[in-house]
Amino acid sequence: MPEGKPSRKRPGTGTGRTKPDRLEATRIQILEAALPNVAFDGWTPRLLADAAEAAGISHGEMRLAFPGGVLDLADFFLADGDRRMEEALARDDIGALKIRERITLAVRTRIEADLHQREAVRRAVTLFALPTSGTRGPHALYRTVDAIWRAVGDTSADFNFYTKRATLAGVFSAVSFYWFSDDSENYARTWAFLDRRIEDVMRFERAKAGVKNIAAKLPDPVALLGRLRYGRG
(Lines give C-alpha, C1' and ligand atoms only; values in the text may rest on other atoms or scores of the structure.)
Protein backbone atom coordinates (compact mmCIF):
# COMPACT_ATOMS: atom_id res chain seq x y z
CA MET A 1 0.00 0.00 0.00
CA PRO A 2 1.27 3.50 -0.71
CA GLU A 3 2.27 5.41 2.38
CA GLY A 4 1.03 8.74 1.03
CA LYS A 5 -2.24 10.37 2.00
CA PRO A 6 -5.16 8.58 0.29
CA SER A 7 -6.90 10.61 -2.39
CA ARG A 8 -10.33 11.97 -1.54
CA LYS A 9 -11.19 12.42 -5.22
CA ARG A 10 -14.81 11.81 -6.02
CA PRO A 11 -16.35 10.27 -9.13
CA GLY A 12 -15.67 12.50 -12.13
CA THR A 13 -12.32 13.75 -10.81
CA GLY A 14 -10.05 11.29 -12.53
CA THR A 15 -11.71 7.98 -11.67
CA GLY A 16 -13.43 7.57 -15.03
CA ARG A 17 -16.87 7.67 -13.40
CA THR A 18 -19.63 10.22 -13.86
CA LYS A 19 -19.33 13.72 -12.46
CA PRO A 20 -21.07 14.22 -9.09
CA ASP A 21 -24.28 16.24 -9.17
CA ARG A 22 -24.64 19.63 -7.51
CA LEU A 23 -25.91 18.21 -4.20
CA GLU A 24 -23.08 15.68 -4.06
CA ALA A 25 -20.56 18.41 -4.84
CA THR A 26 -22.00 20.50 -1.99
CA ARG A 27 -21.59 17.58 0.43
CA ILE A 28 -17.98 17.12 -0.66
CA GLN A 29 -17.18 20.81 -0.16
CA ILE A 30 -18.65 20.84 3.34
CA LEU A 31 -16.91 17.61 4.35
CA GLU A 32 -13.53 18.85 3.13
CA ALA A 33 -13.99 22.09 5.07
CA ALA A 34 -15.05 20.19 8.21
CA LEU A 35 -12.35 17.51 8.39
CA PRO A 36 -9.44 19.75 9.55
CA ASN A 37 -11.48 20.71 12.62
CA VAL A 38 -13.17 17.43 13.58
CA ALA A 39 -10.25 16.30 15.74
CA PHE A 40 -10.64 19.45 17.86
CA ASP A 41 -14.39 20.13 17.74
CA GLY A 42 -15.89 16.69 17.17
CA TRP A 43 -18.92 16.05 14.94
CA THR A 44 -21.18 18.85 16.19
CA PRO A 45 -23.89 21.08 14.67
CA ARG A 46 -21.48 23.99 15.08
CA LEU A 47 -18.84 22.14 13.05
CA LEU A 48 -21.35 21.62 10.24
CA ALA A 49 -22.42 25.27 10.22
CA ASP A 50 -18.85 26.56 10.31
CA ALA A 51 -17.77 24.18 7.54
CA ALA A 52 -20.63 25.29 5.31
CA GLU A 53 -19.76 28.93 5.91
CA ALA A 54 -16.07 28.30 5.20
CA ALA A 55 -17.01 26.53 1.95
CA GLY A 56 -19.29 29.40 0.90
CA ILE A 57 -22.41 27.25 1.17
CA SER A 58 -25.65 28.92 2.24
CA HIS A 59 -27.62 27.64 5.22
CA GLY A 60 -30.41 26.49 2.89
CA GLU A 61 -28.02 24.52 0.69
CA MET A 62 -26.41 23.00 3.78
CA ARG A 63 -29.78 21.81 5.05
CA LEU A 64 -30.60 20.37 1.65
CA ALA A 65 -27.27 18.52 1.50
CA PHE A 66 -27.50 17.21 5.07
CA PRO A 67 -31.15 17.23 6.19
CA GLY A 68 -30.22 15.04 9.17
CA GLY A 69 -27.64 17.55 10.32
CA VAL A 70 -24.24 16.50 11.56
CA LEU A 71 -25.28 12.83 11.72
CA ASP A 72 -25.66 12.94 7.95
CA LEU A 73 -22.26 14.61 7.64
CA ALA A 74 -20.51 11.95 9.75
CA ASP A 75 -22.31 9.20 7.85
CA PHE A 76 -21.26 10.75 4.53
CA PHE A 77 -17.65 10.75 5.77
CA LEU A 78 -17.75 7.04 6.60
CA ALA A 79 -19.48 6.18 3.32
CA ASP A 80 -16.80 8.13 1.47
CA GLY A 81 -14.16 5.92 3.09
CA ASP A 82 -16.02 2.82 1.91
CA ARG A 83 -16.07 4.20 -1.63
CA ARG A 84 -12.34 4.96 -1.64
CA MET A 85 -11.62 1.47 -0.29
CA GLU A 86 -13.62 -0.06 -3.15
CA GLU A 87 -11.79 2.06 -5.72
CA ALA A 88 -8.38 1.13 -4.27
CA LEU A 89 -9.19 -2.60 -4.36
CA ALA A 90 -10.55 -2.31 -7.90
CA ARG A 91 -7.13 -1.02 -8.99
CA ASP A 92 -5.37 -4.02 -7.38
CA ASP A 93 -5.22 -7.48 -8.92
CA ILE A 94 -6.74 -9.44 -6.05
CA GLY A 95 -8.29 -12.24 -8.10
CA ALA A 96 -5.28 -14.51 -7.62
CA LEU A 97 -5.29 -14.09 -3.83
CA LYS A 98 -6.83 -16.59 -1.45
CA ILE A 99 -10.05 -15.45 0.21
CA ARG A 100 -8.27 -14.98 3.53
CA GLU A 101 -5.68 -12.74 1.87
CA ARG A 102 -8.35 -10.77 0.05
CA ILE A 103 -10.35 -10.10 3.21
CA THR A 104 -7.23 -9.14 5.17
CA LEU A 105 -6.19 -6.76 2.39
CA ALA A 106 -9.69 -5.27 2.16
CA VAL A 107 -9.98 -4.59 5.89
CA ARG A 108 -6.52 -3.02 5.92
CA THR A 109 -7.35 -0.96 2.82
CA ARG A 110 -10.55 0.34 4.46
CA ILE A 111 -8.65 1.46 7.54
CA GLU A 112 -5.88 2.98 5.45
CA ALA A 113 -8.47 4.94 3.46
CA ASP A 114 -8.75 7.19 6.54
CA LEU A 115 -5.26 6.67 7.92
CA HIS A 116 -4.77 10.43 8.29
CA GLN A 117 -8.25 10.95 9.74
CA ARG A 118 -8.10 8.50 12.62
CA GLU A 119 -9.53 10.94 15.15
CA ALA A 120 -12.39 11.82 12.81
CA VAL A 121 -13.24 8.12 12.46
CA ARG A 122 -13.00 7.56 16.21
CA ARG A 123 -15.29 10.51 16.92
CA ALA A 124 -17.78 9.34 14.27
CA VAL A 125 -17.90 5.87 15.86
CA THR A 126 -18.37 7.47 19.29
CA LEU A 127 -21.17 9.69 17.96
CA PHE A 128 -22.98 6.75 16.38
CA ALA A 129 -22.74 4.79 19.61
CA LEU A 130 -24.96 7.33 21.37
CA PRO A 131 -28.67 6.48 21.81
CA THR A 132 -29.56 9.74 20.03
CA SER A 133 -27.97 8.39 16.85
CA GLY A 134 -30.56 5.63 16.52
CA THR A 135 -29.51 2.89 14.10
CA ARG A 136 -26.83 4.96 12.37
CA GLY A 137 -23.98 2.94 13.88
CA PRO A 138 -25.18 -0.56 12.91
CA HIS A 139 -26.20 0.72 9.48
CA ALA A 140 -22.77 2.26 8.82
CA LEU A 141 -20.99 -0.88 10.02
CA TYR A 142 -23.15 -3.10 7.82
CA ARG A 143 -22.49 -0.86 4.82
CA THR A 144 -18.74 -1.16 5.37
CA VAL A 145 -18.60 -4.94 5.74
CA ASP A 146 -20.99 -5.40 2.83
CA ALA A 147 -18.74 -3.17 0.69
CA ILE A 148 -15.71 -5.23 1.74
CA TRP A 149 -17.32 -8.55 0.83
CA ARG A 150 -18.56 -7.23 -2.51
CA ALA A 151 -15.15 -5.72 -3.29
CA VAL A 152 -13.46 -9.11 -2.82
CA GLY A 153 -15.93 -10.83 -5.13
CA ASP A 154 -18.51 -12.34 -2.78
CA THR A 155 -21.64 -13.44 -4.66
CA SER A 156 -23.39 -15.45 -1.94
CA ALA A 157 -27.15 -15.12 -1.78
CA ASP A 158 -28.04 -17.74 0.83
CA PHE A 159 -27.67 -17.79 4.61
CA ASN A 160 -23.89 -17.40 4.18
CA PHE A 161 -24.53 -13.85 2.96
CA TYR A 162 -25.59 -12.87 6.47
CA THR A 163 -23.15 -14.98 8.47
CA LYS A 164 -20.20 -13.63 6.47
CA ARG A 165 -21.20 -10.06 7.18
CA ALA A 166 -21.95 -10.69 10.84
CA THR A 167 -18.57 -12.36 11.35
CA LEU A 168 -16.68 -9.63 9.50
CA ALA A 169 -18.53 -6.93 11.46
CA GLY A 170 -17.03 -8.36 14.66
CA VAL A 171 -13.55 -8.50 13.14
CA PHE A 172 -13.71 -5.02 11.64
CA SER A 173 -15.01 -3.47 14.86
CA ALA A 174 -12.31 -5.12 16.98
CA VAL A 175 -9.52 -4.11 14.60
CA SER A 176 -10.82 -0.54 14.36
CA PHE A 177 -10.92 -0.09 18.13
CA TYR A 178 -7.41 -1.53 18.37
CA TRP A 179 -6.23 0.93 15.71
CA PHE A 180 -7.68 3.91 17.57
CA SER A 181 -5.13 3.48 20.38
CA ASP A 182 -2.22 1.96 18.45
CA ASP A 183 0.96 4.03 18.74
CA SER A 184 3.30 1.52 17.06
CA GLU A 185 5.30 2.50 13.99
CA ASN A 186 3.15 2.39 10.84
CA TYR A 187 0.47 0.71 12.99
CA ALA A 188 2.38 -2.57 12.88
CA ARG A 189 0.53 -3.90 15.95
CA THR A 190 -2.84 -3.21 14.32
CA TRP A 191 -1.94 -5.23 11.23
CA ALA A 192 -0.64 -8.08 13.41
CA PHE A 193 -3.89 -7.95 15.41
CA LEU A 194 -5.85 -8.08 12.13
CA ASP A 195 -3.92 -11.19 11.05
CA ARG A 196 -4.75 -12.91 14.35
CA ARG A 197 -8.45 -12.08 14.11
CA ILE A 198 -8.65 -13.36 10.54
CA GLU A 199 -6.88 -16.56 11.64
CA ASP A 200 -9.45 -16.98 14.41
CA VAL A 201 -12.25 -16.69 11.86
CA MET A 202 -10.60 -19.18 9.50
CA ARG A 203 -10.08 -21.62 12.35
CA PHE A 204 -13.78 -21.33 13.25
CA GLU A 205 -14.80 -21.85 9.61
CA ARG A 206 -12.63 -24.97 9.39
CA ALA A 207 -14.17 -26.34 12.58
CA LYS A 208 -17.68 -25.54 11.33
CA ALA A 209 -16.99 -27.33 8.06
CA GLY A 210 -15.75 -30.36 10.02
CA VAL A 211 -18.92 -30.46 12.08
CA LYS A 212 -21.03 -30.27 8.91
CA ASN A 213 -19.13 -33.19 7.39
CA ILE A 214 -19.68 -35.29 10.49
CA ALA A 215 -23.35 -34.31 10.73
CA ALA A 216 -23.91 -35.29 7.11
CA LYS A 217 -22.87 -38.85 7.95
CA LEU A 218 -25.21 -39.13 10.95
CA PRO A 219 -28.81 -40.33 10.76
CA ASP A 220 -31.44 -37.66 10.27
CA PRO A 221 -32.70 -37.10 13.88
CA VAL A 222 -36.22 -36.14 12.78
CA ALA A 223 -36.57 -39.21 10.59
CA LEU A 224 -35.08 -41.39 13.31
CA LEU A 225 -37.56 -40.12 15.92
CA GLY A 226 -40.40 -40.69 13.46
CA ARG A 227 -39.42 -44.30 12.96
CA LEU A 228 -39.15 -44.85 16.73
CA ARG A 229 -42.53 -43.24 17.34
CA TYR A 230 -44.40 -45.24 14.72
CA GLY A 231 -42.45 -48.48 15.19
CA ARG A 232 -40.68 -48.49 11.81
CA GLY A 233 -37.03 -49.38 11.09
# chains A, B, ... in the order shown; residues from 1 in each chain; ligands from 1
>>> closest_atom_pairs(of="segment 92-166 of chain A", to="segment 176-199 of chain A", cutoff="8 Å", atoms="only C-alpha atoms", output="JSON lines")
{"residue": "A:Arg100", "atom": "CA", "partner": "A:Ile198", "partner_atom": "CA", "distance": 7.2}
{"residue": "A:Thr104", "atom": "CA", "partner": "A:Ile198", "partner_atom": "CA", "distance": 7.0}
{"residue": "A:Arg108", "atom": "CA", "partner": "A:Trp191", "partner_atom": "CA", "distance": 7.4}
{"residue": "A:Ile111", "atom": "CA", "partner": "A:Ser176", "partner_atom": "CA", "distance": 7.4}
{"residue": "A:Arg118", "atom": "CA", "partner": "A:Phe180", "partner_atom": "CA", "distance": 6.8}
{"residue": "A:Glu119", "atom": "CA", "partner": "A:Phe180", "partner_atom": "CA", "distance": 7.7}
{"residue": "A:Arg122", "atom": "CA", "partner": "A:Phe180", "partner_atom": "CA", "distance": 6.6}
>>> select_by_dssp(residues="segment 20-94 of chain A", states="helix (DSSP H, G or I)", output="PyMOL selection string")
chain A and resi 22-41+45-54+59-65+70-91
>>> closest_residue(among="A:Arg123, A:Arg27, A:Arg110, A:Arg136", to="Asp82 of chain A", atoms="only C-alpha atoms")
A:Arg110
>>> closest_atom_pairs(of="segment 58-142 of chain A", to="segment 51-54 of chain A", cutoff="12 Å", atoms="only C-alpha atoms", output="JSON lines")
{"residue": "A:Ser58", "atom": "CA", "partner": "A:Ala52", "partner_atom": "CA", "distance": 6.9}
{"residue": "A:His59", "atom": "CA", "partner": "A:Ala52", "partner_atom": "CA", "distance": 7.4}
{"residue": "A:Gly60", "atom": "CA", "partner": "A:Ala52", "partner_atom": "CA", "distance": 10.1}
{"residue": "A:Glu61", "atom": "CA", "partner": "A:Ala52", "partner_atom": "CA", "distance": 8.7}
{"residue": "A:Met62", "atom": "CA", "partner": "A:Ala52", "partner_atom": "CA", "distance": 6.4}
{"residue": "A:Arg63", "atom": "CA", "partner": "A:Ala52", "partner_atom": "CA", "distance": 9.8}
{"residue": "A:Leu64", "atom": "CA", "partner": "A:Ala52", "partner_atom": "CA", "distance": 11.7}
{"residue": "A:Ala65", "atom": "CA", "partner": "A:Ala52", "partner_atom": "CA", "distance": 10.2}
{"residue": "A:Phe66", "atom": "CA", "partner": "A:Ala52", "partner_atom": "CA", "distance": 10.6}
{"residue": "A:Gly69", "atom": "CA", "partner": "A:Ala52", "partner_atom": "CA", "distance": 11.6}
{"residue": "A:Val70", "atom": "CA", "partner": "A:Ala51", "partner_atom": "CA", "distance": 10.8}
{"residue": "A:Leu73", "atom": "CA", "partner": "A:Ala51", "partner_atom": "CA", "distance": 10.6}
>>> closest_residue(among="A:Ser133, A:Gly42, A:Asp146, A:Thr109", to="Phe161 of chain A", atoms="only C-alpha atoms")
A:Asp146
>>> decode(residues="segment 168-194 of chain A", atoms="N, CA, C and O atoms", output="PDB file, in the first residue's frame")
ATOM      1  N   LEU A 168     -17.621 -10.690   9.858  1.00  0.00           N
ATOM      2  CA  LEU A 168     -16.684  -9.628   9.502  1.00  0.00           C
ATOM      3  C   LEU A 168     -16.952  -8.355  10.298  1.00  0.00           C
ATOM      4  O   LEU A 168     -16.023  -7.606  10.613  1.00  0.00           O
ATOM      5  N   ALA A 169     -18.204  -8.111  10.650  1.00  0.00           N
ATOM      6  CA  ALA A 169     -18.535  -6.935  11.461  1.00  0.00           C
ATOM      7  C   ALA A 169     -17.803  -6.996  12.800  1.00  0.00           C
ATOM      8  O   ALA A 169     -17.281  -5.992  13.284  1.00  0.00           O
ATOM      9  N   GLY A 170     -17.752  -8.198  13.402  1.00  0.00           N
ATOM     10  CA  GLY A 170     -17.028  -8.355  14.658  1.00  0.00           C
ATOM     11  C   GLY A 170     -15.545  -8.134  14.489  1.00  0.00           C
ATOM     12  O   GLY A 170     -14.900  -7.457  15.308  1.00  0.00           O
ATOM     13  N   VAL A 171     -14.989  -8.668  13.411  1.00  0.00           N
ATOM     14  CA  VAL A 171     -13.553  -8.504  13.145  1.00  0.00           C
ATOM     15  C   VAL A 171     -13.228  -7.041  12.882  1.00  0.00           C
ATOM     16  O   VAL A 171     -12.291  -6.479  13.471  1.00  0.00           O
ATOM     17  N   PHE A 172     -14.000  -6.409  12.009  1.00  0.00           N
ATOM     18  CA  PHE A 172     -13.711  -5.022  11.639  1.00  0.00           C
ATOM     19  C   PHE A 172     -13.825  -4.088  12.841  1.00  0.00           C
ATOM     20  O   PHE A 172     -12.995  -3.191  13.023  1.00  0.00           O
ATOM     21  N   SER A 173     -14.834  -4.297  13.669  1.00  0.00           N
ATOM     22  CA  SER A 173     -15.013  -3.468  14.861  1.00  0.00           C
ATOM     23  C   SER A 173     -13.829  -3.623  15.812  1.00  0.00           C
ATOM     24  O   SER A 173     -13.279  -2.630  16.309  1.00  0.00           O
ATOM     25  N   ALA A 174     -13.415  -4.864  16.059  1.00  0.00           N
ATOM     26  CA  ALA A 174     -12.306  -5.122  16.977  1.00  0.00           C
ATOM     27  C   ALA A 174     -11.014  -4.497  16.470  1.00  0.00           C
ATOM     28  O   ALA A 174     -10.268  -3.859  17.230  1.00  0.00           O
ATOM     29  N   VAL A 175     -10.744  -4.656  15.173  1.00  0.00           N
ATOM     30  CA  VAL A 175      -9.515  -4.109  14.603  1.00  0.00           C
ATOM     31  C   VAL A 175      -9.547  -2.587  14.622  1.00  0.00           C
ATOM     32  O   VAL A 175      -8.533  -1.938  14.912  1.00  0.00           O
ATOM     33  N   SER A 176     -10.701  -1.999  14.347  1.00  0.00           N
ATOM     34  CA  SER A 176     -10.821  -0.537  14.359  1.00  0.00           C
ATOM     35  C   SER A 176     -10.551   0.026  15.748  1.00  0.00           C
ATOM     36  O   SER A 176      -9.795   1.002  15.905  1.00  0.00           O
ATOM     37  N   PHE A 177     -11.141  -0.568  16.769  1.00  0.00           N
ATOM     38  CA  PHE A 177     -10.922  -0.093  18.131  1.00  0.00           C
ATOM     39  C   PHE A 177      -9.459  -0.268  18.540  1.00  0.00           C
ATOM     40  O   PHE A 177      -8.915   0.564  19.273  1.00  0.00           O
ATOM     41  N   TYR A 178      -8.831  -1.330  18.091  1.00  0.00           N
ATOM     42  CA  TYR A 178      -7.408  -1.534  18.374  1.00  0.00           C
ATOM     43  C   TYR A 178      -6.591  -0.423  17.708  1.00  0.00           C
ATOM     44  O   TYR A 178      -5.668   0.136  18.313  1.00  0.00           O
ATOM     45  N   TRP A 179      -6.930  -0.105  16.475  1.00  0.00           N
ATOM     46  CA  TRP A 179      -6.228   0.926  15.713  1.00  0.00           C
ATOM     47  C   TRP A 179      -6.330   2.312  16.364  1.00  0.00           C
ATOM     48  O   TRP A 179      -5.366   3.081  16.353  1.00  0.00           O
ATOM     49  N   PHE A 180      -7.479   2.607  16.964  1.00  0.00           N
ATOM     50  CA  PHE A 180      -7.676   3.913  17.569  1.00  0.00           C
ATOM     51  C   PHE A 180      -6.612   4.250  18.614  1.00  0.00           C
ATOM     52  O   PHE A 180      -6.269   5.422  18.805  1.00  0.00           O
ATOM     53  N   SER A 181      -6.103   3.230  19.307  1.00  0.00           N
ATOM     54  CA  SER A 181      -5.132   3.483  20.384  1.00  0.00           C
ATOM     55  C   SER A 181      -3.734   2.941  20.059  1.00  0.00           C
ATOM     56  O   SER A 181      -2.876   2.893  20.938  1.00  0.00           O
ATOM     57  N   ASP A 182      -3.516   2.539  18.821  1.00  0.00           N
ATOM     58  CA  ASP A 182      -2.225   1.964  18.445  1.00  0.00           C
ATOM     59  C   ASP A 182      -1.199   3.070  18.196  1.00  0.00           C
ATOM     60  O   ASP A 182      -1.409   3.932  17.344  1.00  0.00           O
ATOM     61  N   ASP A 183      -0.095   3.038  18.938  1.00  0.00           N
ATOM     62  CA  ASP A 183       0.964   4.029  18.739  1.00  0.00           C
ATOM     63  C   ASP A 183       2.238   3.406  18.167  1.00  0.00           C
ATOM     64  O   ASP A 183       3.306   4.008  18.194  1.00  0.00           O
ATOM     65  N   SER A 184       2.131   2.176  17.638  1.00  0.00           N
ATOM     66  CA  SER A 184       3.301   1.517  17.059  1.00  0.00           C
ATOM     67  C   SER A 184       3.633   2.128  15.698  1.00  0.00           C
ATOM     68  O   SER A 184       2.788   2.754  15.051  1.00  0.00           O
ATOM     69  N   GLU A 185       4.859   1.934  15.251  1.00  0.00           N
ATOM     70  CA  GLU A 185       5.302   2.505  13.989  1.00  0.00           C
ATOM     71  C   GLU A 185       4.516   1.910  12.824  1.00  0.00           C
ATOM     72  O   GLU A 185       4.412   0.699  12.683  1.00  0.00           O
ATOM     73  N   ASN A 186       3.956   2.804  11.996  1.00  0.00           N
ATOM     74  CA  ASN A 186       3.154   2.389  10.838  1.00  0.00           C
ATOM     75  C   ASN A 186       2.020   1.434  11.218  1.00  0.00           C
ATOM     76  O   ASN A 186       1.574   0.624  10.403  1.00  0.00           O
ATOM     77  N   TYR A 187       1.581   1.524  12.482  1.00  0.00           N
ATOM     78  CA  TYR A 187       0.466   0.707  12.989  1.00  0.00           C
ATOM     79  C   TYR A 187       0.736  -0.791  12.836  1.00  0.00           C
ATOM     80  O   TYR A 187      -0.175  -1.584  12.568  1.00  0.00           O
ATOM     81  N   ALA A 188       1.982  -1.161  13.051  1.00  0.00           N
ATOM     82  CA  ALA A 188       2.379  -2.569  12.884  1.00  0.00           C
ATOM     83  C   ALA A 188       1.571  -3.487  13.796  1.00  0.00           C
ATOM     84  O   ALA A 188       1.209  -4.606  13.405  1.00  0.00           O
ATOM     85  N   ARG A 189       1.277  -3.043  15.015  1.00  0.00           N
ATOM     86  CA  ARG A 189       0.526  -3.898  15.945  1.00  0.00           C
ATOM     87  C   ARG A 189      -0.917  -4.091  15.480  1.00  0.00           C
ATOM     88  O   ARG A 189      -1.505  -5.154  15.700  1.00  0.00           O
ATOM     89  N   THR A 190      -1.477  -3.076  14.844  1.00  0.00           N
ATOM     90  CA  THR A 190      -2.838  -3.205  14.325  1.00  0.00           C
ATOM     91  C   THR A 190      -2.901  -4.271  13.242  1.00  0.00           C
ATOM     92  O   THR A 190      -3.807  -5.114  13.226  1.00  0.00           O
ATOM     93  N   TRP A 191      -1.927  -4.256  12.332  1.00  0.00           N
ATOM     94  CA  TRP A 191      -1.943  -5.233  11.232  1.00  0.00           C
ATOM     95  C   TRP A 191      -1.685  -6.641  11.755  1.00  0.00           C
ATOM     96  O   TRP A 191      -2.263  -7.612  11.224  1.00  0.00           O
ATOM     97  N   ALA A 192      -0.857  -6.768  12.799  1.00  0.00           N
ATOM     98  CA  ALA A 192      -0.639  -8.085  13.415  1.00  0.00           C
ATOM     99  C   ALA A 192      -1.922  -8.558  14.101  1.00  0.00           C
ATOM    100  O   ALA A 192      -2.273  -9.743  14.042  1.00  0.00           O
ATOM    101  N   PHE A 193      -2.615  -7.629  14.759  1.00  0.00           N
ATOM    102  CA  PHE A 193      -3.890  -7.947  15.407  1.00  0.00           C
ATOM    103  C   PHE A 193      -4.914  -8.393  14.362  1.00  0.00           C
ATOM    104  O   PHE A 193      -5.669  -9.351  14.582  1.00  0.00           O
ATOM    105  N   LEU A 194      -4.944  -7.710  13.227  1.00  0.00           N
ATOM    106  CA  LEU A 194      -5.846  -8.079  12.135  1.00  0.00           C
ATOM    107  C   LEU A 194      -5.556  -9.502  11.667  1.00  0.00           C
ATOM    108  O   LEU A 194      -6.487 -10.306  11.482  1.00  0.00           O
TER     109      LEU A 194
END
